[in-house]
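As provided, run.pdb (PDB, C-alpha atoms, pLDDT in the B column) reads as follows.
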ATOM      1  CA  MET V 851      -8.369 -22.952  48.228  1.00 57.00           C
ATOM      2  CA  ARG V 852     -11.507 -23.188  46.136  1.00 74.00           C
ATOM      3  CA  ILE V 853     -14.657 -24.677  47.555  1.00 74.00           C
ATOM      4  CA  THR V 854     -16.591 -26.983  45.246  1.00 75.00           C
ATOM      5  CA  PRO V 855     -20.260 -27.999  45.516  1.00 75.00           C
ATOM      6  CA  LEU V 856     -19.055 -31.466  46.576  1.00 78.00           C
ATOM      7  CA  ASP V 857     -17.089 -29.861  49.472  1.00 76.00           C
ATOM      8  CA  ILE V 858     -20.262 -28.128  50.611  1.00 75.00           C
ATOM      9  CA  GLN V 859     -22.287 -31.323  50.343  1.00 76.00           C
ATOM     10  CA  GLN V 860     -19.765 -33.397  52.297  1.00 78.00           C
ATOM     11  CA  LYS V 861     -19.091 -30.817  55.010  1.00 75.00           C
ATOM     12  CA  GLN V 862     -19.794 -32.225  58.467  1.00 75.00           C
ATOM     13  CA  PHE V 863     -20.309 -30.021  61.470  1.00 71.00           C
ATOM     14  CA  SER V 864     -19.730 -31.195  64.998  1.00 71.00           C
ATOM     15  CA  THR V 865     -22.775 -31.142  67.221  1.00 71.00           C
ATOM     16  CA  ARG V 866     -22.883 -29.451  70.582  1.00 71.00           C
ATOM     17  CA  PHE V 867     -25.374 -29.045  73.192  1.00 70.00           C
ATOM     18  CA  ARG V 868     -28.010 -26.666  72.105  1.00 70.00           C
ATOM     19  CA  GLY V 869     -26.378 -26.359  68.697  1.00 75.00           C
ATOM     20  CA  PHE V 870     -27.970 -25.638  65.333  1.00 75.00           C
ATOM     21  CA  ASP V 871     -30.822 -27.666  63.914  1.00 74.00           C
ATOM     22  CA  MET V 872     -29.015 -30.208  61.776  1.00 78.00           C
ATOM     23  CA  GLU V 873     -31.798 -30.562  59.225  1.00 80.00           C
ATOM     24  CA  GLU V 874     -31.925 -26.822  58.768  1.00 79.00           C
ATOM     25  CA  VAL V 875     -28.142 -26.646  58.353  1.00 80.00           C
ATOM     26  CA  ASP V 876     -28.191 -29.585  55.873  1.00 81.00           C
ATOM     27  CA  SER V 877     -31.062 -28.038  53.964  1.00 83.00           C
ATOM     28  CA  PHE V 878     -29.229 -24.699  53.785  1.00 81.00           C
ATOM     29  CA  LEU V 879     -26.001 -26.378  52.706  1.00 83.00           C
ATOM     30  CA  GLU V 880     -27.897 -28.268  49.975  1.00 84.00           C
ATOM     31  CA  LEU V 881     -29.391 -24.994  48.759  1.00 84.00           C
ATOM     32  CA  ILE V 882     -25.929 -23.369  48.728  1.00 86.00           C
ATOM     33  CA  ARG V 883     -24.486 -26.397  46.862  1.00 85.00           C
ATOM     34  CA  GLU V 884     -27.200 -26.207  44.180  1.00 86.00           C
ATOM     35  CA  GLU V 885     -26.722 -22.457  43.783  1.00 87.00           C
ATOM     36  CA  MET V 886     -22.967 -22.917  43.563  1.00 87.00           C
ATOM     37  CA  GLU V 887     -23.365 -25.654  40.903  1.00 88.00           C
ATOM     38  CA  GLU V 888     -25.641 -23.343  38.917  1.00 90.00           C
ATOM     39  CA  LEU V 889     -23.119 -20.495  39.252  1.00 89.00           C
ATOM     40  CA  LEU V 890     -20.250 -22.761  38.170  1.00 90.00           C
ATOM     41  CA  ARG V 891     -22.231 -23.980  35.120  1.00 93.00           C
ATOM     42  CA  GLU V 892     -23.125 -20.416  34.240  1.00 94.00           C
ATOM     43  CA  ASN V 893     -19.481 -19.373  34.721  1.00 94.00           C
ATOM     44  CA  ALA V 894     -18.303 -22.234  32.453  1.00 95.00           C
ATOM     45  CA  ASN V 895     -20.899 -21.251  29.819  1.00 97.00           C
ATOM     46  CA  LEU V 896     -19.817 -17.624  30.040  1.00 97.00           C
ATOM     47  CA  ARG V 897     -16.160 -18.602  29.674  1.00 97.00           C
ATOM     48  CA  GLU V 898     -16.979 -20.746  26.643  1.00 96.00           C
ATOM     49  CA  GLU V 899     -18.995 -17.880  25.196  1.00 96.00           C
ATOM     50  CA  ALA V 900     -16.102 -15.483  25.907  1.00 97.00           C
ATOM     51  CA  ARG V 901     -13.707 -17.893  24.107  1.00 97.00           C
ATOM     52  CA  ARG V 902     -16.061 -18.017  21.115  1.00 96.00           C
ATOM     53  CA  TYR V 903     -16.296 -14.227  21.078  1.00 96.00           C
ATOM     54  CA  GLU V 904     -12.522 -13.903  21.346  1.00 96.00           C
ATOM     55  CA  LYS V 905     -12.121 -16.367  18.475  1.00 96.00           C
ATOM     56  CA  GLN V 906     -14.729 -14.488  16.442  1.00 96.00           C
ATOM     57  CA  LEU V 907     -13.037 -11.184  17.280  1.00 96.00           C
ATOM     58  CA  LYS V 908      -9.717 -12.617  16.127  1.00 96.00           C
ATOM     59  CA  GLU V 909     -11.348 -13.738  12.860  1.00 96.00           C
ATOM     60  CA  TYR V 910     -12.869 -10.285  12.403  1.00 96.00           C
ATOM     61  CA  LYS V 911      -9.480  -8.674  13.047  1.00 96.00           C
ATOM     62  CA  ASN V 912      -7.939 -11.001  10.441  1.00 97.00           C
ATOM     63  CA  ILE V 913     -10.700 -10.058   7.998  1.00 97.00           C
ATOM     64  CA  GLU V 914     -10.134  -6.375   8.803  1.00 97.00           C
ATOM     65  CA  THR V 915      -6.393  -6.762   8.194  1.00 97.00           C
ATOM     66  CA  THR V 916      -7.063  -8.575   4.930  1.00 97.00           C
ATOM     67  CA  LEU V 917      -9.518  -5.875   3.839  1.00 97.00           C
ATOM     68  CA  LYS V 918      -7.048  -3.126   4.726  1.00 97.00           C
ATOM     69  CA  ASP V 919      -4.286  -4.897   2.806  1.00 96.00           C
ATOM     70  CA  THR V 920      -6.640  -5.405  -0.131  1.00 97.00           C
ATOM     71  CA  LEU V 921      -7.651  -1.750  -0.039  1.00 97.00           C
ATOM     72  CA  VAL V 922      -4.016  -0.627   0.028  1.00 97.00           C
ATOM     73  CA  SER V 923      -3.175  -3.000  -2.840  1.00 97.00           C
ATOM     74  CA  THR V 924      -6.163  -1.771  -4.808  1.00 97.00           C
ATOM     75  CA  GLN V 925      -5.187   1.849  -4.236  1.00 97.00           C
ATOM     76  CA  GLN V 926      -1.646   1.082  -5.381  1.00 97.00           C
ATOM     77  CA  MET V 927      -2.952  -0.698  -8.494  1.00 97.00           C
ATOM     78  CA  VAL V 928      -5.277   2.206  -9.283  1.00 97.00           C
ATOM     79  CA  GLU V 929      -2.374   4.626  -8.897  1.00 97.00           C
ATOM     80  CA  GLU V 930      -0.191   2.441 -11.139  1.00 97.00           C
ATOM     81  CA  TYR V 931      -2.978   2.213 -13.745  1.00 97.00           C
ATOM     82  CA  ARG V 932      -3.448   5.978 -13.551  1.00 97.00           C
ATOM     83  CA  ASN V 933       0.282   6.580 -14.035  1.00 97.00           C
ATOM     84  CA  THR V 934       0.444   4.052 -16.866  1.00 97.00           C
ATOM     85  CA  ALA V 935      -2.572   5.615 -18.575  1.00 97.00           C
ATOM     86  CA  LYS V 936      -1.036   9.073 -18.182  1.00 97.00           C
ATOM     87  CA  LYS V 937       2.262   7.892 -19.679  1.00 97.00           C
ATOM     88  CA  GLU V 938       0.437   6.171 -22.546  1.00 97.00           C
ATOM     89  CA  ALA V 939      -1.584   9.313 -23.194  1.00 97.00           C
ATOM     90  CA  GLU V 940       1.581  11.409 -23.227  1.00 97.00           C
ATOM     91  CA  LEU V 941       3.204   8.927 -25.597  1.00 97.00           C
ATOM     92  CA  ILE V 942       0.173   8.989 -27.898  1.00 97.00           C
ATOM     93  CA  ILE V 943       0.209  12.796 -27.870  1.00 97.00           C
ATOM     94  CA  LYS V 944       3.926  12.869 -28.722  1.00 97.00           C
ATOM     95  CA  GLU V 945       3.452  10.322 -31.510  1.00 97.00           C
ATOM     96  CA  THR V 946       0.528  12.323 -32.862  1.00 97.00           C
ATOM     97  CA  GLU V 947       2.552  15.538 -32.732  1.00 96.00           C
ATOM     98  CA  LEU V 948       5.415  13.832 -34.574  1.00 96.00           C
ATOM     99  CA  LYS V 949       3.009  12.505 -37.214  1.00 97.00           C
ATOM    100  CA  ALA V 950       1.448  15.943 -37.559  1.00 97.00           C
ATOM    101  CA  ASP V 951       4.908  17.492 -37.943  1.00 96.00           C
ATOM    102  CA  ASP V 952       5.792  14.867 -40.565  1.00 97.00           C
ATOM    103  CA  MET V 953       2.537  15.497 -42.429  1.00 97.00           C
ATOM    104  CA  LEU V 954       3.118  19.267 -42.332  1.00 97.00           C
ATOM    105  CA  ARG V 955       6.700  18.852 -43.526  1.00 97.00           C
ATOM    106  CA  GLU V 956       5.556  16.551 -46.353  1.00 97.00           C
ATOM    107  CA  ALA V 957       2.837  19.046 -47.331  1.00 97.00           C
ATOM    108  CA  GLN V 958       5.399  21.885 -47.353  1.00 97.00           C
ATOM    109  CA  GLU V 959       7.751  19.777 -49.464  1.00 96.00           C
ATOM    110  CA  LYS V 960       4.887  19.074 -51.893  1.00 97.00           C
ATOM    111  CA  VAL V 961       4.087  22.789 -52.103  1.00 97.00           C
ATOM    112  CA  ILE V 962       7.750  23.533 -52.822  1.00 96.00           C
ATOM    113  CA  LYS V 963       7.819  20.755 -55.453  1.00 97.00           C
ATOM    114  CA  ILE V 964       4.639  22.079 -57.059  1.00 97.00           C
ATOM    115  CA  HIS V 965       6.140  25.587 -57.183  1.00 97.00           C
ATOM    116  CA  GLU V 966       9.291  24.161 -58.736  1.00 96.00           C
ATOM    117  CA  ASP V 967       7.182  22.224 -61.253  1.00 96.00           C
ATOM    118  CA  ILE V 968       5.225  25.395 -62.067  1.00 96.00           C
ATOM    119  CA  THR V 969       8.482  27.303 -62.550  1.00 96.00           C
ATOM    120  CA  ASP V 970       9.828  24.516 -64.761  1.00 95.00           C
ATOM    121  CA  LEU V 971       6.595  24.423 -66.768  1.00 96.00           C
ATOM    122  CA  LYS V 972       6.705  28.197 -67.203  1.00 96.00           C
ATOM    123  CA  GLY V 973      10.268  27.841 -68.503  1.00 95.00           C
ATOM    124  CA  VAL V 974       9.181  25.041 -70.871  1.00 96.00           C
ATOM    125  CA  ARG V 975       6.237  27.160 -72.068  1.00 96.00           C
ATOM    126  CA  ARG V 976       8.480  30.192 -72.609  1.00 96.00           C
ATOM    127  CA  HIS V 977      10.999  28.016 -74.457  1.00 96.00           C
ATOM    128  CA  PHE V 978       8.190  26.445 -76.502  1.00 96.00           C
ATOM    129  CA  LYS V 979       6.822  29.912 -77.351  1.00 95.00           C
ATOM    130  CA  GLU V 980      10.270  31.083 -78.381  1.00 96.00           C
ATOM    131  CA  GLU V 981      10.794  28.010 -80.543  1.00 95.00           C
ATOM    132  CA  LEU V 982       7.323  28.350 -82.034  1.00 96.00           C
ATOM    133  CA  THR V 983       7.959  32.047 -82.682  1.00 96.00           C
ATOM    134  CA  ARG V 984      11.290  31.208 -84.385  1.00 95.00           C
ATOM    135  CA  LEU V 985       9.629  28.470 -86.402  1.00 96.00           C
ATOM    136  CA  ILE V 986       6.813  30.789 -87.487  1.00 95.00           C
ATOM    137  CA  GLU V 987       9.303  33.572 -88.294  1.00 94.00           C
ATOM    138  CA  SER V 988      11.417  31.091 -90.216  1.00 94.00           C
ATOM    139  CA  HIS V 989       8.379  29.937 -92.183  1.00 94.00           C
ATOM    140  CA  LEU V 990       7.361  33.543 -92.799  1.00 94.00           C
ATOM    141  CA  ARG V 991      10.839  34.328 -94.118  1.00 94.00           C
ATOM    142  CA  MET V 992      10.682  31.245 -96.299  1.00 93.00           C
ATOM    143  CA  MET V 993       7.287  32.338 -97.609  1.00 93.00           C
ATOM    144  CA  GLU V 994       8.598  35.841 -98.308  1.00 93.00           C
ATOM    145  CA  PHE V 995      11.628  34.332 -99.987  1.00 90.00           C
ATOM    146  CA  ASP V 996       9.327  32.165-102.098  1.00 89.00           C
ATOM    147  CA  LYS V 997       7.234  35.257-102.941  1.00 89.00           C
ATOM    148  CA  GLU V 998      10.299  37.144-103.967  1.00 87.00           C
ATOM    149  CA  ARG V 999      11.482  34.265-106.102  1.00 88.00           C
ATOM    150  CA  GLU V1000       8.116  33.945-107.694  1.00 86.00           C
ATOM    151  CA  ALA V1001       8.085  37.643-108.401  1.00 84.00           C
ATOM    152  CA  GLU V1002      11.516  37.412-110.033  1.00 83.00           C
ATOM    153  CA  THR V1003      10.723  34.495-112.208  1.00 78.00           C
ATOM    154  CA  PRO V1004       7.966  34.751-114.765  1.00 68.00           C
ATOM    155  CA  ASN V1005       5.307  32.151-114.911  1.00 62.00           C
ATOM    156  CA  GLU V1006       6.805  29.184-116.442  1.00 57.00           C
ATOM    157  CA  ILE V1007       3.991  26.955-116.894  1.00 53.00           C
TER     158      ILE V1007
END
Re-express the file's structure as structure tokens.
Amino acid sequence: MRITPLDIQQKQFSTRFRGFDMEEVDSFLELIREEMEELLRENANLREEARRYEKQLKEYKNIETTLKDTLVSTQQMVEEYRNTAKKEAELIIKETELKADDMLREAQEKVIKIHEDITDLKGVRRHFKEELTRLIESHLRMMEFDKEREAETPNEI
């Protein structure tokens, strides 16, 4: 059973012959009651303070949990961004390699085409030379024929 300050204040002692000084006992009981009231107030204040600290601790733990979750989420996002960037870089490299291969193939095809054009032009030039040579030879023969005819026929003017 708990004793309250009111219990102390209302406590009555029986008196006996040659007993305690009642004023001294009452004065001491009053002093004990006041001390007990002060201790109870202090205890109540400490309990309230403990509740506030427990509540604050709970809030801090919630904040800590939230921060940890946020940190984990952020780390996961960073890892995802890193992986995405790596994949994009690999894709860009592959596309660039394919474009480079296409450009090289096109350049090789152009070189082959130019060589074919050069070969064709050489054939056209050779054919043109042959035709020109035949034409010149034909004209030379005609001129010789004309010379021979002129030599055979006297001047008829």
Checklist line | Who sits within 8 Å of Gln859 of chain V, all atoms listed in the file, same chain under 6 positions skipped, as a list in words | finding: Leu879, Glu880 and Arg883 of chain V
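Residue nearest Pro855 of chain V within the list V:Glu888, V:Glu940, V:Glu1002, V:Asp967: V:Glu888 [criterion: smallest interatomic distance, all atoms listed in the file].
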Margin query: What does the structure give for the distance between atom CA of Met886 of chain V and atom CA of Gln860 of chain V, in Å to one decimal?
Written below: 14.0 Å
Next item on the list: Give me, please, the distance in Å between atom CA of Thr1003 of chain V and atom CA of Ser988 of chain V, quoted to one decimal.
Entry: 22.3 Å
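Here atom CA of Glu892 of chain V stands at a distance of 24.0 Å from atom CA of Asp876 of chain V.
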Save segment 876-980 of chain V from what I just supplied, as a tab-separated table (two decimals), in the first residue's frame, atoms limited to C-alpha atoms.
chain	number	residue	atom	x	y	z
V	876	ASP	CA	3.23	16.81	14.22
V	877	SER	CA	6.00	19.13	13.11
V	878	PHE	CA	8.09	16.16	11.93
V	879	LEU	CA	5.13	14.62	10.14
V	880	GLU	CA	4.43	17.95	8.40
V	881	LEU	CA	8.06	18.12	7.29
V	882	ILE	CA	7.87	14.53	5.97
V	883	ARG	CA	4.57	15.34	4.17
V	884	GLU	CA	6.10	18.39	2.46
V	885	GLU	CA	9.19	16.44	1.44
V	886	MET	CA	7.03	13.62	0.13
V	887	GLU	CA	4.88	16.08	-1.89
V	888	GLU	CA	8.05	17.58	-3.36
V	889	LEU	CA	9.37	14.10	-4.20
V	890	LEU	CA	6.05	13.11	-5.81
V	891	ARG	CA	6.00	16.33	-7.91
V	892	GLU	CA	9.59	15.75	-8.93
V	893	ASN	CA	8.79	12.10	-9.75
V	894	ALA	CA	5.78	13.19	-11.87
V	895	ASN	CA	7.94	15.77	-13.67
V	896	LEU	CA	10.63	13.16	-14.28
V	897	ARG	CA	8.06	10.71	-15.63
V	898	GLU	CA	6.64	13.37	-17.94
V	899	GLU	CA	10.16	14.23	-19.06
V	900	ALA	CA	10.90	10.52	-19.61
V	901	ARG	CA	7.70	10.23	-21.73
V	902	ARG	CA	8.79	13.24	-23.80
V	903	TYR	CA	12.24	11.73	-24.26
V	904	GLU	CA	10.75	8.37	-25.22
V	905	LYS	CA	8.47	10.12	-27.72
V	906	GLN	CA	11.42	12.11	-29.08
V	907	LEU	CA	13.51	8.94	-29.25
V	908	LYS	CA	10.72	7.23	-31.18
V	909	GLU	CA	10.60	10.18	-33.60
V	910	TYR	CA	14.37	10.03	-34.01
V	911	LYS	CA	14.18	6.29	-34.67
V	912	ASN	CA	11.48	6.94	-37.29
V	913	ILE	CA	13.69	9.62	-38.86
V	914	GLU	CA	16.64	7.21	-38.77
V	915	THR	CA	14.56	4.50	-40.45
V	916	THR	CA	13.38	6.97	-43.08
V	917	LEU	CA	16.95	8.15	-43.70
V	918	LYS	CA	18.18	4.56	-44.00
V	919	ASP	CA	15.38	3.73	-46.43
V	920	THR	CA	16.13	6.89	-48.39
V	921	LEU	CA	19.82	6.04	-48.48
V	922	VAL	CA	19.11	2.51	-49.69
V	923	SER	CA	16.70	3.85	-52.34
V	924	THR	CA	19.25	6.42	-53.43
V	925	GLN	CA	21.97	3.79	-53.67
V	926	GLN	CA	19.66	1.59	-55.75
V	927	MET	CA	18.80	4.52	-58.03
V	928	VAL	CA	22.48	5.40	-58.44
V	929	GLU	CA	23.24	1.78	-59.30
V	930	GLU	CA	20.35	1.71	-61.80
V	931	TYR	CA	21.54	4.99	-63.36
V	932	ARG	CA	25.08	3.62	-63.53
V	933	ASN	CA	23.87	0.42	-65.22
V	934	THR	CA	21.65	2.38	-67.60
V	935	ALA	CA	24.50	4.74	-68.48
V	936	LYS	CA	26.81	1.78	-69.05
V	937	LYS	CA	24.27	0.09	-71.32
V	938	GLU	CA	23.69	3.34	-73.23
V	939	ALA	CA	27.43	3.81	-73.63
V	940	GLU	CA	27.80	0.26	-74.92
V	941	LEU	CA	24.92	0.83	-77.32
V	942	ILE	CA	26.46	4.08	-78.56
V	943	ILE	CA	29.80	2.32	-79.05
V	944	LYS	CA	28.15	-0.50	-81.01
V	945	GLU	CA	26.21	1.98	-83.15
V	946	THR	CA	29.39	3.95	-83.78
V	947	GLU	CA	31.27	0.78	-84.72
V	948	LEU	CA	28.47	-0.20	-87.11
V	949	LYS	CA	28.51	3.28	-88.67
V	950	ALA	CA	32.29	3.13	-88.97
V	951	ASP	CA	32.04	-0.30	-90.61
V	952	ASP	CA	29.39	1.04	-93.01
V	953	MET	CA	31.53	4.07	-93.84
V	954	LEU	CA	34.58	1.85	-94.42
V	955	ARG	CA	32.57	-0.52	-96.60
V	956	GLU	CA	31.16	2.41	-98.61
V	957	ALA	CA	34.67	3.86	-99.01
V	958	GLN	CA	35.97	0.47	-100.21
V	959	GLU	CA	33.07	0.19	-102.64
V	960	LYS	CA	33.87	3.69	-103.95
V	961	VAL	CA	37.53	2.74	-104.39
V	962	ILE	CA	36.49	-0.38	-106.30
V	963	LYS	CA	34.08	1.70	-108.43
V	964	ILE	CA	36.79	4.27	-109.13
V	965	HIS	CA	39.19	1.49	-110.18
V	966	GLU	CA	36.50	0.05	-112.43
V	967	ASP	CA	35.85	3.51	-113.89
V	968	ILE	CA	39.60	3.97	-114.47
V	969	THR	CA	39.76	0.58	-116.19
V	970	ASP	CA	36.74	1.47	-118.32
V	971	LEU	CA	38.24	4.86	-119.19
V	972	LYS	CA	41.53	3.21	-120.14
V	973	GLY	CA	39.58	0.86	-122.42
V	974	VAL	CA	37.69	3.82	-123.94
V	975	ARG	CA	40.98	5.70	-124.43
V	976	ARG	CA	42.62	2.66	-126.04
V	977	HIS	CA	39.57	2.18	-128.27
V	978	PHE	CA	39.56	5.90	-129.12
V	979	LYS	CA	43.29	5.75	-129.95
V	980	GLU	CA	42.74	2.71	-132.15
